[in-house]
Structure formats: structure tokens, C-alpha cells
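Printed here is target-v1.csv (CSV, C-alpha atoms):
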chain,number,residue,atom,x,y,z
A,69,MET,CA,30.0,-55.6,20.8
A,70,LYS,CA,30.9,-53.5,17.7
A,71,LYS,CA,27.4,-54.2,16.3
A,72,ILE,CA,25.8,-52.9,19.5
A,73,ILE,CA,27.9,-49.7,19.5
A,74,SER,CA,27.2,-49.1,15.8
A,75,LEU,CA,23.5,-49.6,16.4
A,76,SER,CA,23.5,-47.3,19.4
A,77,LEU,CA,25.3,-44.6,17.4
A,78,ALA,CA,22.9,-45.0,14.5
A,79,VAL,CA,19.9,-44.6,16.9
A,80,LEU,CA,21.6,-41.6,18.6
A,81,LEU,CA,22.3,-40.0,15.2
A,82,SER,CA,18.7,-40.5,14.1
A,83,PHE,CA,17.5,-39.0,17.4
A,84,VAL,CA,19.7,-35.9,17.0
A,85,LEU,CA,18.6,-35.4,13.4
A,86,SER,CA,15.0,-35.7,14.4
A,87,LEU,CA,15.5,-33.0,17.1
A,88,SER,CA,17.1,-30.7,14.6
A,89,ALA,CA,14.3,-31.2,12.2
A,90,PHE,CA,11.6,-30.5,14.7
A,91,ALA,CA,13.4,-27.6,16.4
A,92,TYR,CA,12.2,-25.1,13.9
A,93,ASP,CA,8.9,-26.8,12.9
A,94,SER,CA,6.2,-24.1,13.1
A,95,ALA,CA,2.6,-23.8,12.2
A,96,TYR,CA,3.4,-20.2,11.3
A,97,LEU,CA,6.0,-20.9,8.7
A,98,ILE,CA,4.9,-23.3,5.9
A,99,ASP,CA,7.6,-23.5,3.2
A,100,ASP,CA,5.8,-25.8,0.8
A,101,ALA,CA,7.7,-24.3,-2.2
A,102,ASP,CA,11.0,-25.2,-0.4
A,103,LEU,CA,12.5,-21.7,-0.9
A,104,LEU,CA,14.5,-21.6,2.4
A,105,THR,CA,17.2,-23.8,3.9
A,106,ASP,CA,16.6,-25.6,7.2
A,107,TYR,CA,18.6,-23.0,9.1
A,108,GLU,CA,16.8,-20.1,7.4
A,109,GLU,CA,13.4,-21.7,8.3
A,110,GLU,CA,14.5,-21.9,11.9
A,111,LEU,CA,15.4,-18.2,12.0
A,112,ILE,CA,12.2,-17.1,10.3
A,113,ALA,CA,10.1,-19.3,12.6
A,114,ASP,CA,11.8,-17.8,15.6
A,115,HIS,CA,11.1,-14.3,14.2
A,116,LEU,CA,7.4,-15.1,13.8
A,117,ASP,CA,7.2,-16.3,17.4
A,118,ARG,CA,8.8,-13.1,18.7
A,119,LEU,CA,6.3,-11.0,16.7
A,120,ARG,CA,3.4,-13.0,18.0
A,121,ASP,CA,4.6,-12.5,21.6
A,122,SER,CA,5.2,-8.8,21.1
A,123,HIS,CA,1.9,-7.8,19.4
A,124,GLY,CA,-0.5,-10.5,20.6
A,125,MET,CA,-1.6,-11.6,17.1
A,126,ASP,CA,-0.7,-14.3,14.6
A,127,PHE,CA,1.8,-13.7,11.7
A,128,VAL,CA,2.1,-16.5,9.1
A,129,ILE,CA,4.4,-16.9,6.1
A,130,HIS,CA,3.5,-19.5,3.5
A,131,THR,CA,5.2,-20.5,0.3
A,132,THR,CA,3.4,-22.7,-2.2
A,133,PRO,CA,4.1,-24.1,-5.7
A,134,ASP,CA,0.6,-23.3,-6.8
A,135,THR,CA,-2.8,-21.8,-5.6
A,136,TYR,CA,-4.6,-24.9,-7.1
A,137,GLY,CA,-7.2,-23.1,-9.2
A,138,LYS,CA,-7.9,-20.2,-6.7
A,139,ASP,CA,-7.0,-16.6,-7.2
A,140,ILE,CA,-4.2,-15.5,-4.9
A,141,ALA,CA,-6.5,-13.5,-2.6
A,142,SER,CA,-9.0,-16.3,-2.0
A,143,TYR,CA,-6.1,-18.8,-1.5
A,144,CYS,CA,-4.6,-16.5,1.2
A,145,ASP,CA,-8.0,-15.9,2.9
A,146,ASP,CA,-9.0,-19.5,3.0
A,147,TYR,CA,-5.5,-20.7,4.2
A,148,TYR,CA,-5.6,-18.4,7.1
A,149,ASP,CA,-9.3,-19.2,8.0
A,150,ASN,CA,-8.7,-22.9,7.8
A,151,GLY,CA,-5.4,-22.9,9.7
A,152,GLY,CA,-7.0,-22.2,13.1
A,153,TYR,CA,-5.1,-18.9,13.5
A,154,ALA,CA,-6.1,-16.0,15.8
A,155,ALA,CA,-8.9,-13.6,14.9
A,156,ASP,CA,-6.3,-10.8,14.6
A,157,GLY,CA,-3.3,-11.4,12.3
A,158,LEU,CA,-2.0,-11.7,8.8
A,159,ILE,CA,-0.6,-14.2,6.3
A,160,PHE,CA,2.1,-13.5,3.7
A,161,VAL,CA,1.9,-15.9,0.8
A,162,ILE,CA,4.4,-16.5,-2.1
A,163,SER,CA,3.0,-18.5,-5.1
A,164,MET,CA,5.7,-19.6,-7.4
A,165,SER,CA,3.5,-20.8,-10.4
A,166,GLU,CA,2.5,-17.2,-11.2
A,167,ARG,CA,5.2,-15.5,-9.1
A,168,ASP,CA,2.5,-13.8,-6.9
A,169,TYR,CA,2.9,-12.4,-3.5
A,170,PHE,CA,0.0,-11.4,-1.3
A,171,THR,CA,-0.8,-10.3,2.2
A,172,SER,CA,-4.2,-11.2,3.7
A,173,THR,CA,-5.0,-9.3,6.9
A,174,CYS,CA,-7.6,-10.3,9.5
A,175,GLY,CA,-9.3,-8.6,12.5
A,176,VAL,CA,-7.8,-5.3,13.6
A,177,LEU,CA,-5.2,-5.4,10.9
A,178,VAL,CA,-7.8,-5.0,8.2
A,179,ASP,CA,-8.1,-1.4,9.1
A,180,THR,CA,-4.6,-0.9,10.5
A,181,LEU,CA,-2.8,-2.1,7.4
A,182,ASP,CA,-4.7,-1.0,4.2
A,183,TYR,CA,-3.2,-1.9,0.9
A,184,TYR,CA,-1.5,1.5,0.4
A,185,MET,CA,0.4,1.0,3.7
A,186,LEU,CA,1.2,-2.6,2.6
A,187,GLU,CA,2.5,-1.2,-0.7
A,188,SER,CA,4.9,1.0,1.2
A,189,LEU,CA,5.9,-1.8,3.5
A,190,CYS,CA,6.7,-4.1,0.5
A,191,ASN,CA,8.8,-1.5,-1.4
A,192,THR,CA,12.0,-3.1,0.0
A,193,VAL,CA,10.6,-6.7,-0.1
A,194,VAL,CA,9.7,-7.1,-3.8
A,195,PRO,CA,13.2,-6.5,-5.1
A,196,CYS,CA,14.5,-9.3,-2.8
A,197,LEU,CA,11.8,-11.6,-4.1
A,198,SER,CA,12.7,-10.8,-7.7
A,199,GLU,CA,16.3,-11.6,-7.1
A,200,GLY,CA,15.5,-14.9,-5.4
A,201,GLU,CA,16.6,-13.7,-2.0
A,202,TYR,CA,13.7,-15.2,-0.1
A,203,TYR,CA,15.2,-15.3,3.4
A,204,LYS,CA,16.1,-11.6,3.1
A,205,ALA,CA,12.7,-10.8,1.8
A,206,PHE,CA,10.9,-12.5,4.6
A,207,GLU,CA,13.1,-10.9,7.3
A,208,THR,CA,12.7,-7.5,5.8
A,209,TYR,CA,8.9,-8.0,5.6
A,210,LEU,CA,8.7,-9.0,9.3
A,211,ASP,CA,11.0,-6.2,10.3
A,212,ASN,CA,8.8,-3.6,8.5
A,213,ILE,CA,5.6,-5.0,10.0
A,214,ASP,CA,7.1,-4.9,13.5
A,215,SER,CA,8.4,-1.3,13.0
A,216,TYR,CA,4.9,-0.1,11.9
A,217,LEU,CA,3.0,-1.9,14.6
A,218,SER,CA,5.5,-0.6,17.2
A,219,GLY,CA,4.8,3.0,16.1
A,220,GLU,CA,8.2,3.5,14.4
A,221,TRP,CA,8.2,3.3,10.6
A,222,TYR,CA,10.9,4.4,8.2
A,223,ASP,CA,9.8,5.2,4.7
A,224,ASP,CA,12.3,6.6,2.1
A,225,ASP,CA,14.8,7.4,4.9
A,226,TYR,CA,12.2,9.6,6.7
A,227,TYR,CA,11.3,8.9,10.3
A,228,ILE,CA,7.6,9.4,10.8
A,229,GLY,CA,7.8,9.2,14.6
A,230,GLU,CA,5.4,8.1,17.2
A,231,TYR,CA,2.0,9.5,18.2
A,232,TYR,CA,0.7,8.9,21.7
A,233,GLU,CA,-3.1,8.8,21.7
A,234,ASN,CA,-3.3,9.4,25.4
A,235,ASP,CA,-1.8,12.9,25.3
A,236,ASP,CA,-1.5,15.9,23.1
A,237,TYR,CA,2.1,15.5,21.9
A,238,TYR,CA,3.8,14.2,18.8
A,239,TYR,CA,7.3,12.9,19.3
A,240,SER,CA,9.9,12.9,16.6
A,241,ASP,CA,13.7,13.0,16.8
A,242,ASP,CA,13.7,14.4,20.4
A,243,ASN,CA,11.4,17.2,19.5
A,244,TYR,CA,8.0,17.7,21.0
A,245,TYR,CA,5.1,19.4,19.2
A,246,THR,CA,1.6,20.2,20.5
A,247,SER,CA,-1.4,18.8,18.8
A,248,GLY,CA,-2.0,22.2,17.2
A,249,SER,CA,1.3,21.8,15.3
A,250,SER,CA,2.0,18.1,15.0
A,251,SER,CA,5.2,18.4,13.0
A,252,ILE,CA,7.7,20.7,11.3
A,253,PHE,CA,6.2,19.7,8.0
A,254,ASP,CA,2.8,21.0,9.0
A,255,SER,CA,4.3,24.3,10.2
A,256,ILE,CA,6.0,24.8,6.8
A,257,VAL,CA,2.8,24.0,4.9
A,258,SER,CA,0.9,26.6,7.0
A,259,LYS,CA,3.5,29.3,6.1
A,260,GLU,CA,3.3,28.4,2.5
A,261,ILE,CA,-0.5,28.7,2.5
A,262,ILE,CA,-0.3,32.1,4.2
A,263,LEU,CA,2.2,33.4,1.6
A,264,ILE,CA,-0.1,32.1,-1.3
A,265,VAL,CA,-3.1,33.9,0.2
A,266,ILE,CA,-1.2,37.2,0.5
A,267,ALA,CA,0.1,36.8,-3.1
A,268,VAL,CA,-3.5,36.3,-4.3
A,269,ILE,CA,-4.8,39.3,-2.5
A,270,ILE,CA,-2.0,41.5,-3.9
A,271,ALA,CA,-2.7,40.2,-7.4
A,272,VAL,CA,-6.5,41.0,-7.1
A,273,VAL,CA,-5.8,44.5,-5.9
A,274,ILE,CA,-3.4,45.2,-8.8
A,275,THR,CA,-5.9,43.8,-11.2
A,276,LEU,CA,-8.7,46.0,-9.9
A,277,VAL,CA,-6.5,49.1,-10.1
A,278,LEU,CA,-5.5,48.5,-13.7
A,279,LYS,CA,-9.1,47.7,-14.6
A,280,SER,CA,-10.3,51.0,-13.2
A,281,LYS,CA,-7.9,52.9,-15.4
A,282,MET,CA,-9.1,51.2,-18.6
A,283,ASN,CA,-12.1,53.5,-19.1
A,284,THR,CA,-11.3,54.9,-22.6
A,285,ALA,CA,-13.6,52.6,-24.5
A,286,VAL,CA,-17.2,53.6,-24.8
A,287,ALA,CA,-19.8,50.9,-24.8
A,288,LYS,CA,-22.0,50.6,-28.0
A,289,ARG,CA,-25.6,49.6,-27.5
A,290,ASP,CA,-26.7,48.8,-31.1
A,291,ALA,CA,-25.0,47.3,-34.2
A,292,ASP,CA,-25.8,50.6,-36.1
A,293,ASP,CA,-23.4,52.4,-33.9
A,294,TYR,CA,-20.5,50.5,-35.6
A,295,VAL,CA,-21.5,51.4,-39.2
A,296,VAL,CA,-20.8,54.8,-40.8
A,297,LYS,CA,-24.2,56.3,-41.8
A,298,GLY,CA,-25.0,55.9,-45.5
A,299,SER,CA,-22.1,53.4,-46.2
A,300,PHE,CA,-24.2,50.2,-46.1
A,301,ARG,CA,-27.3,49.4,-48.2
A,302,LEU,CA,-29.2,46.1,-48.3
A,303,ASP,CA,-31.2,45.6,-51.6
A,304,GLY,CA,-32.3,42.0,-51.0
A,305,SER,CA,-31.8,38.8,-49.0
A,306,ARG,CA,-32.4,35.1,-49.3
A,307,ASP,CA,-31.8,31.8,-47.4
A,308,VAL,CA,-29.7,29.0,-49.1
A,309,PHE,CA,-29.6,25.5,-47.7
A,310,ILE,CA,-26.1,24.2,-47.9
A,311,GLY,CA,-26.1,20.8,-46.1
A,312,THR,CA,-26.1,18.9,-42.8
A,313,HIS,CA,-23.4,17.3,-40.7
A,314,THR,CA,-24.0,14.5,-38.3
A,315,SER,CA,-21.4,13.3,-35.7
A,316,ARG,CA,-21.6,10.0,-33.8
A,317,ARG,CA,-19.8,8.7,-30.8
A,318,ALA,CA,-20.0,5.4,-28.9
A,319,LEU,CA,-21.5,5.4,-25.4
A,320,PRO,CA,-19.1,4.1,-22.8
A,321,GLN,CA,-20.1,0.6,-21.6
A,322,ASN,CA,-20.5,-0.2,-17.9
A,323,ASN,CA,-17.9,-2.8,-17.0
A,324,ASN,CA,-18.7,-4.4,-13.7
A,325,ASN,CA,-15.6,-6.6,-13.9
A,326,ASN,CA,-13.3,-3.8,-12.7
A,327,ARG,CA,-12.7,-3.9,-9.0
A,328,PRO,CA,-10.1,-2.2,-6.8
A,329,GLY,CA,-6.8,-3.9,-6.7
A,330,GLY,CA,-4.3,-4.3,-3.9
A,331,ILE,CA,-0.6,-3.6,-4.4
A,332,SER,CA,-0.3,-3.5,-8.1
A,333,GLY,CA,-3.7,-5.2,-8.3
A,334,GLY,CA,-4.4,-8.8,-7.4
A,335,GLY,CA,-7.8,-8.7,-5.6
A,336,GLY,CA,-6.9,-6.2,-2.8
A,337,GLY,CA,-9.2,-4.2,-0.7
A,338,VAL,CA,-11.6,-5.3,2.1
A,339,ARG,CA,-13.6,-8.4,1.2
A,340,VAL,CA,-15.3,-11.4,2.9
A,341,SER,CA,-13.9,-14.8,2.5
A,342,GLY,CA,-15.8,-18.0,1.6
A,343,GLY,CA,-15.9,-18.7,5.4
A,344,GLY,CA,-17.6,-15.4,6.1
A,345,VAL,CA,-14.5,-13.7,7.6
A,346,ARG,CA,-13.6,-10.1,6.8
A,347,HIS,CA,-10.2,-9.8,5.2
A,348,GLY,CA,-8.1,-7.0,3.8
A,349,GLY,CA,-4.6,-6.6,2.2
A,350,GLY,CA,-3.1,-6.7,-1.2
A,351,GLY,CA,-0.4,-8.1,-3.4
A,352,GLY,CA,1.2,-8.2,-6.8
A,353,LYS,CA,3.9,-9.9,-9.0
A,354,PHE,CA,7.6,-10.2,-8.4
Show me the file's structure as C-alpha cells.
Amino acid sequence: MKKIISLSLAVLLSFVLSLSAFAYDSAYLIDDADLLTDYEEELIADHLDRLRDSHGMDFVIHTTPDTYGKDIASYCDDYYDNGGYAADGLIFVISMSERDYFTSTCGVLVDTLDYYMLESLCNTVVPCLSEGEYYKAFETYLDNIDSYLSGEWYDDDYYIGEYYENDDYYYSDDNYYTSGSSSIFDSIVSKEIILIVIAVIIAVVITLVLKSKMNTAVAKRDADDYVVKGSFRLDGSRDVFIGTHTSRRALPQNNNNNRPGGISGGGGGVRVSGGGVRHGGGGGKF
């Protein structure tokens, strides 16, 4: 009887452990570098599911020990293409061998999230990666993506606001502006431009007035007008060759190996993957 009870408990325990193991299993979180705990993986996987439901596109986070001979951009592009993910979405990859991070965008996100925007989005993510706080880095990254795609993005404690394309208003902090004056910042800039123009006009007027009063000098037409008559006499002249001087400089060489980088370089910009899919994004080191 005891053997039967022990065997039953062992089977039950194995079943419970298998359920907990598969509860957070996700095709959208692949932690091959084992940077997260099981509980952290569950939380990140749930966050990815919520983003997918909210925005109707796929978001993938993948950690890997190595890119296996590929550059980080090609690795990201191929991983997304071969993973059977949606036409619209992105993948965020961490490679521990070279400490690379990279975002590869696909579909509508190629134009929505250029690498300058991704640089801004990652400003708060990279310090977390550098400190080894990978869970915090991934949560921050997903929060930033969600905020931007929802129309609300905070950058350096400044709220950009939300623009509604179907009307002529710009909303920010309970204030409404017409399309002719989209923000307080635009209004301030306009006033500054007007003041600069007025200052330039005043300066030109003052310069013209002062120039008109400087009429005491008389223009000389010939060199003889500057010489006192009878004070200069030229008895003879000759040409003497002194020497030559030659300067050389190297012509700049055309280097076709330079290409636009992403966030701190790393193969960013719009490109076509080996599978013929258009990708964007960028990355760097942490």
C-alpha cells in the first residue's frame, strides 16, 4: 500500500512539475542563453502575449549564447523569417558571445520604428543589460514599445502626446491645439523666428545709415594718384628666377565598406534578408 501511495505521489509531483514547466512555454520568448529564471520567463511570455493581442502583430525576445558565424543583423532577420512569425512584428535578440543587442523589425514596423526611434526606446534598456538585469531590461523594452505604439511615449521626462490623424487637433496634457499650432513648442519657435527677423532688419537699417555717412574718402582711379609727383623714378628693371615650390596631397579613396549603422552601428537601416523579406531596426553593444 505504501509503495502504491509513494508511486502515486511521484506521478502527481511529476505531473505538477510538467504543468509548471509548460505554463510559460512560448514561441515568442526563447531564452537559449538562460538569462531568466523560470518565473521571470513566465512573466515576460505573458507580457509578449498581451502586446500581441493589443497591437495585432508579433513581438519576440530571444537570447542566444552565439550567432553561429552570422552578424547580429542577419541572425535576427533569419530567426524571425524562419520562425513562422507574422508579417508585421519585431524580434529583440541578445547575443552573449559579443554582448550584442539588436532589434529587427518587419512589415509596418520597418517604417514605424526607424533606428533613431529604437535608439531612443533603448536608452533605458541598455544600462539594465550592462548591469545584468535582464528581466528589467526586457520589461522596460516591452513597456517602451507598447507606449510608442499606443501613441504615448515618454522621452527624457517629456510627454510627446498623441496625435489623432482623423481630426485637426493635437492633444497633450489636457490642452488642445489646432493643426496650425500643434504645440506650445511650435508657438515659442515661431515667436523666436519673428524676433530674429526683426533684429536682422534693424541691423541692416543701422548699417546702411552708417555706410551713407562714410563719404569722406575719395576713390582713386590710377596708381599714379597715390604717388607724389617727381618723388619716384625707375631707371631700370629685370626679372630674376628664384625657384619653384610643389605641394602634394593624397586623393581620398572611395571605401564601399562603410554602410549606415543602427543604434551605435551593427548593421542597422532598411535591408532585405536572405529570405527576401524587408527588415529594419538596429542595435549595439552592452
field: Between CA of Leu177 in chain A and CA of Ile112 in chain A, distance in Å (one decimal)
entry: 21.0 Å
- prompt: Pick the closest to Asp100 in chain A from A:Leu158, A:Asp114, A:Met164, A:Asp145: which is it, counting only C-alpha atoms?
  reply: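 Distance minimum relative to Asp100 in chain A lands on A:Met164.
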Selected residue, from A:Ser142, A:Ser94, A:Ser218, A:Asn212, that lies nearest to Ser188 in chain A when counting all atoms listed in the file: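 Comparing A:Ser142, A:Ser94, A:Ser218, A:Asn212 against Ser188 in chain A, the winner is A:Asn212.
The gap separating CA of Asp126 in chain A from CA of Tyr153 in chain A is 6.5 Å, in Å to one decimal.
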Selected residue, from A:Val176, A:Cys196, A:Val340, A:Tyr183, that lies nearest to Ala155 in chain A when counting all atoms listed in the file: A:Val176
- request: Mind giving me the straight-line distance from CA of Gly342 in chain A to CA of Asp99 in chain A in Å, one decimal?
  value: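 So the two atoms, CA of Gly342 in chain A and CA of Asp99 in chain A, lie 24.1 Å apart.
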task: Identify which of the residues A:Cys174, A:Asp168, A:Met185, A:Ile213 lies closest to Ser198 in chain A, counting all atoms listed in the file when measuring atom-to-atom distances.
output: A:Asp168
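Proximity ranking of A:Ile262, A:Cys190, A:Val161, A:Leu217 relative to Asp146 in chain A places A:Val161 first, based on only C-alpha atoms.
Of the listed residues A:Leu116, A:Ile159, A:Val277, A:Leu103, the one whose atoms come nearest to Gly348 in chain A is A:Ile159, with distances taken using all atoms listed in the file.
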message: So that I can see what lies close to His130 in chain A, please list as a ChimeraX atom specification the residues with an atom at most 12 Å from it, counting all atoms listed in the file and leaving out residues fewer than 3 positions away in the same chain.
response: /A:94-104,109,112-113,116,127,133-135,143-144,147-148,151,158-164,168-172,202,206
field: Residue contacts of Val193 in chain A (7 Å, all atoms listed in the file) excluding same-chain residues fewer than 2 positions away, as a list in words
entry: Cys190, Asn191, Pro195, Cys196, Leu197, Ala205, Thr208 and Tyr209 of chain A
